[in-house]
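Peer 1: Would you mind keeping the following structure in view while I ask a few things?
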Amino acid sequence: MDSTQLAQYLEATDSITKPWLLVQLRLKKLQERRDTISEDTYADELADIHQDLMNLGEWWRSIEDQVF
């Protein structure tokens with residue numbers, strides 16, 4: 001699945017508000033650009049995505065049935 005298909009899936013399933021899926025979309029888009037950007041840019045963007053993922057923490061605790 002490429003980033004366009006993933007974005008269409010997120011829209012079709014009303015999942016655009018699920019932050020962990022947006023992280024997955026960002027990773028897919030970065031993966032698709034990997035051959036056209038420098039290693040430093042790739043590493044910086046990957047670190048930024050990782051930090052955003054870590055910032056999510058355990059926000060889903062006690063609302064699992066609503067968000068998963």
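Quick note on naming: the chains in the structure tokens go A, B, ... in the order shown, residues restart at 1 in each chain, and ligands are numbered from 1 in order of appearance.
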Set the distance at 12 Å and use only C-alpha atoms: which residues neighbour Leu10 of chain A once local chain neighbours fewer than 4 positions away are removed? I'd like the list as a list in words.
Peer 2: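 The neighbour list is Ser3, Thr4, Gln5, Leu6, Asp14, Ser15, Ile16, Thr17, Lys18, Pro19, Trp20, Leu21, Leu22, Val23, Gln24 and Leu25 of chain A.
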Peer 1: Taking the chain letters and numbering used in this document, name the residues of chain A that DSSP puts in alpha helix (DSSP H), as a short mmCIF file (atom, residue, chain, number, x, y, z; two decimals) with N, CA, C and O atoms, in the first residue's frame.
Peer 2:
```cif
data_model
loop_
_atom_site.label_atom_id
_atom_site.label_comp_id
_atom_site.auth_asym_id
_atom_site.auth_seq_id
_atom_site.Cartn_x
_atom_site.Cartn_y
_atom_site.Cartn_z
N SER A 3 1.38 5.61 -0.04
CA SER A 3 0.85 6.65 0.83
C SER A 3 -0.50 7.17 0.34
O SER A 3 -1.36 7.52 1.15
N THR A 4 -0.71 7.20 -0.95
CA THR A 4 -2.00 7.66 -1.49
C THR A 4 -3.11 6.71 -1.08
O THR A 4 -4.18 7.14 -0.64
N GLN A 5 -2.86 5.42 -1.22
CA GLN A 5 -3.86 4.42 -0.83
C GLN A 5 -4.12 4.48 0.67
O GLN A 5 -5.26 4.35 1.11
N LEU A 6 -3.06 4.64 1.46
CA LEU A 6 -3.22 4.74 2.91
C LEU A 6 -4.03 5.97 3.28
O LEU A 6 -4.94 5.89 4.12
N ALA A 7 -3.76 7.10 2.64
CA ALA A 7 -4.52 8.32 2.91
C ALA A 7 -5.99 8.14 2.54
O ALA A 7 -6.88 8.56 3.29
N GLN A 8 -6.26 7.49 1.42
CA GLN A 8 -7.64 7.23 1.01
C GLN A 8 -8.34 6.32 2.01
O GLN A 8 -9.51 6.52 2.34
N TYR A 9 -7.61 5.33 2.52
CA TYR A 9 -8.17 4.43 3.54
C TYR A 9 -8.52 5.22 4.81
O TYR A 9 -9.59 5.04 5.39
N LEU A 10 -7.60 6.07 5.24
CA LEU A 10 -7.84 6.87 6.44
C LEU A 10 -9.08 7.75 6.28
O LEU A 10 -9.88 7.87 7.21
N GLU A 11 -9.23 8.34 5.11
CA GLU A 11 -10.40 9.18 4.86
C GLU A 11 -11.68 8.35 4.81
O GLU A 11 -12.70 8.73 5.39
N ALA A 12 -11.62 7.21 4.14
CA ALA A 12 -12.81 6.37 3.96
C ALA A 12 -13.30 5.79 5.27
O ALA A 12 -14.49 5.56 5.46
N PRO A 19 -4.14 9.49 15.76
CA PRO A 19 -2.76 9.97 15.59
C PRO A 19 -1.75 8.88 15.24
O PRO A 19 -0.79 9.14 14.53
N TRP A 20 -1.94 7.66 15.70
CA TRP A 20 -0.98 6.61 15.39
C TRP A 20 -1.05 6.24 13.90
O TRP A 20 -0.06 5.84 13.32
N LEU A 21 -2.21 6.41 13.28
CA LEU A 21 -2.32 6.15 11.85
C LEU A 21 -1.71 7.29 11.03
O LEU A 21 -1.15 7.06 9.96
N LEU A 22 -1.79 8.50 11.55
CA LEU A 22 -1.13 9.62 10.88
C LEU A 22 0.39 9.46 10.93
O LEU A 22 1.08 9.81 9.97
N VAL A 23 0.90 8.91 12.01
CA VAL A 23 2.33 8.61 12.11
C VAL A 23 2.70 7.58 11.04
O VAL A 23 3.71 7.71 10.36
N GLN A 24 1.87 6.58 10.87
CA GLN A 24 2.11 5.56 9.86
C GLN A 24 2.12 6.19 8.46
O GLN A 24 2.97 5.85 7.63
N LEU A 25 1.22 7.11 8.21
CA LEU A 25 1.19 7.80 6.92
C LEU A 25 2.46 8.61 6.71
O LEU A 25 3.04 8.60 5.62
N ARG A 26 2.90 9.32 7.73
CA ARG A 26 4.14 10.09 7.62
C ARG A 26 5.33 9.18 7.34
O ARG A 26 6.19 9.52 6.52
N LEU A 27 5.37 8.03 7.99
CA LEU A 27 6.46 7.08 7.74
C LEU A 27 6.43 6.57 6.30
O LEU A 27 7.47 6.46 5.65
N LYS A 28 5.26 6.27 5.80
CA LYS A 28 5.12 5.78 4.43
C LYS A 28 5.57 6.84 3.43
O LYS A 28 6.29 6.56 2.48
N LYS A 29 5.17 8.09 3.66
CA LYS A 29 5.57 9.17 2.76
C LYS A 29 7.08 9.39 2.81
O LYS A 29 7.71 9.63 1.78
N LEU A 30 7.67 9.29 3.99
CA LEU A 30 9.12 9.42 4.12
C LEU A 30 9.82 8.27 3.40
O LEU A 30 10.81 8.48 2.69
N GLN A 31 9.31 7.08 3.55
CA GLN A 31 9.88 5.91 2.87
C GLN A 31 9.87 6.12 1.35
O GLN A 31 10.85 5.79 0.68
N GLU A 32 8.81 6.66 0.84
CA GLU A 32 8.70 6.88 -0.60
C GLU A 32 9.67 7.95 -1.10
O GLU A 32 10.09 7.92 -2.26
N ARG A 33 10.06 8.87 -0.24
CA ARG A 33 10.98 9.94 -0.61
C ARG A 33 12.43 9.61 -0.31
O ARG A 33 13.33 10.40 -0.65
N GLU A 39 20.76 11.62 3.40
CA GLU A 39 20.71 10.77 4.59
C GLU A 39 20.43 11.59 5.84
O GLU A 39 19.70 11.15 6.73
N ASP A 40 21.02 12.78 5.91
CA ASP A 40 20.79 13.64 7.07
C ASP A 40 19.34 14.10 7.16
O ASP A 40 18.75 14.09 8.24
N THR A 41 18.77 14.47 6.03
CA THR A 41 17.36 14.88 6.01
C THR A 41 16.48 13.71 6.41
O THR A 41 15.54 13.87 7.20
N TYR A 42 16.78 12.55 5.86
CA TYR A 42 16.00 11.35 6.20
C TYR A 42 16.06 11.08 7.70
O TYR A 42 15.04 10.86 8.35
N ALA A 43 17.27 11.12 8.26
CA ALA A 43 17.46 10.84 9.68
C ALA A 43 16.73 11.89 10.54
O ALA A 43 16.10 11.53 11.55
N ASP A 44 16.81 13.15 10.15
CA ASP A 44 16.13 14.22 10.89
C ASP A 44 14.62 14.03 10.88
O ASP A 44 13.95 14.14 11.90
N GLU A 45 14.07 13.73 9.70
CA GLU A 45 12.62 13.55 9.59
C GLU A 45 12.16 12.29 10.32
O GLU A 45 11.11 12.29 10.95
N LEU A 46 12.96 11.24 10.26
CA LEU A 46 12.63 10.02 10.98
C LEU A 46 12.65 10.27 12.49
O LEU A 46 11.76 9.81 13.22
N ALA A 47 13.63 11.02 12.97
CA ALA A 47 13.70 11.36 14.39
C ALA A 47 12.49 12.19 14.81
O ALA A 47 11.94 11.98 15.91
N ASP A 48 12.05 13.09 13.94
CA ASP A 48 10.88 13.92 14.24
C ASP A 48 9.62 13.05 14.33
O ASP A 48 8.81 13.22 15.26
N ILE A 49 9.47 12.13 13.41
CA ILE A 49 8.32 11.22 13.44
C ILE A 49 8.36 10.35 14.70
O ILE A 49 7.35 10.15 15.37
N HIS A 50 9.54 9.87 15.03
CA HIS A 50 9.70 9.05 16.24
C HIS A 50 9.32 9.83 17.48
O HIS A 50 8.61 9.32 18.36
N GLN A 51 9.76 11.08 17.55
CA GLN A 51 9.43 11.90 18.72
C GLN A 51 7.93 12.13 18.83
O GLN A 51 7.36 12.05 19.92
N ASP A 52 7.28 12.38 17.70
CA ASP A 52 5.83 12.54 17.72
C ASP A 52 5.14 11.27 18.20
O ASP A 52 4.17 11.33 18.96
N LEU A 53 5.63 10.13 17.78
CA LEU A 53 5.08 8.85 18.23
C LEU A 53 5.26 8.68 19.74
O LEU A 53 4.33 8.29 20.45
N MET A 54 6.43 9.01 20.24
CA MET A 54 6.70 8.88 21.66
C MET A 54 5.84 9.86 22.47
O MET A 54 5.43 9.55 23.59
N ASN A 55 5.54 11.01 21.89
CA ASN A 55 4.71 12.00 22.58
C ASN A 55 3.26 11.55 22.72
O ASN A 55 2.53 12.09 23.55
N LEU A 56 2.87 10.59 21.92
CA LEU A 56 1.50 10.07 22.05
C LEU A 56 1.29 9.42 23.40
O LEU A 56 0.21 9.48 23.97
N GLU A 64 -10.04 2.64 25.20
CA GLU A 64 -9.68 1.68 24.16
C GLU A 64 -10.86 1.31 23.28
O GLU A 64 -10.71 1.22 22.06
N ASP A 65 -12.00 1.11 23.87
CA ASP A 65 -13.17 0.68 23.10
C ASP A 65 -13.65 1.75 22.13
O ASP A 65 -14.31 1.46 21.13
N GLN A 66 -13.31 3.00 22.38
CA GLN A 66 -13.73 4.09 21.51
C GLN A 66 -12.76 4.36 20.37
O GLN A 66 -13.16 4.84 19.30
N VAL A 67 -11.48 4.07 20.58
CA VAL A 67 -10.48 4.47 19.60
C VAL A 67 -9.86 3.32 18.80
O VAL A 67 -9.20 3.57 17.80
#
```
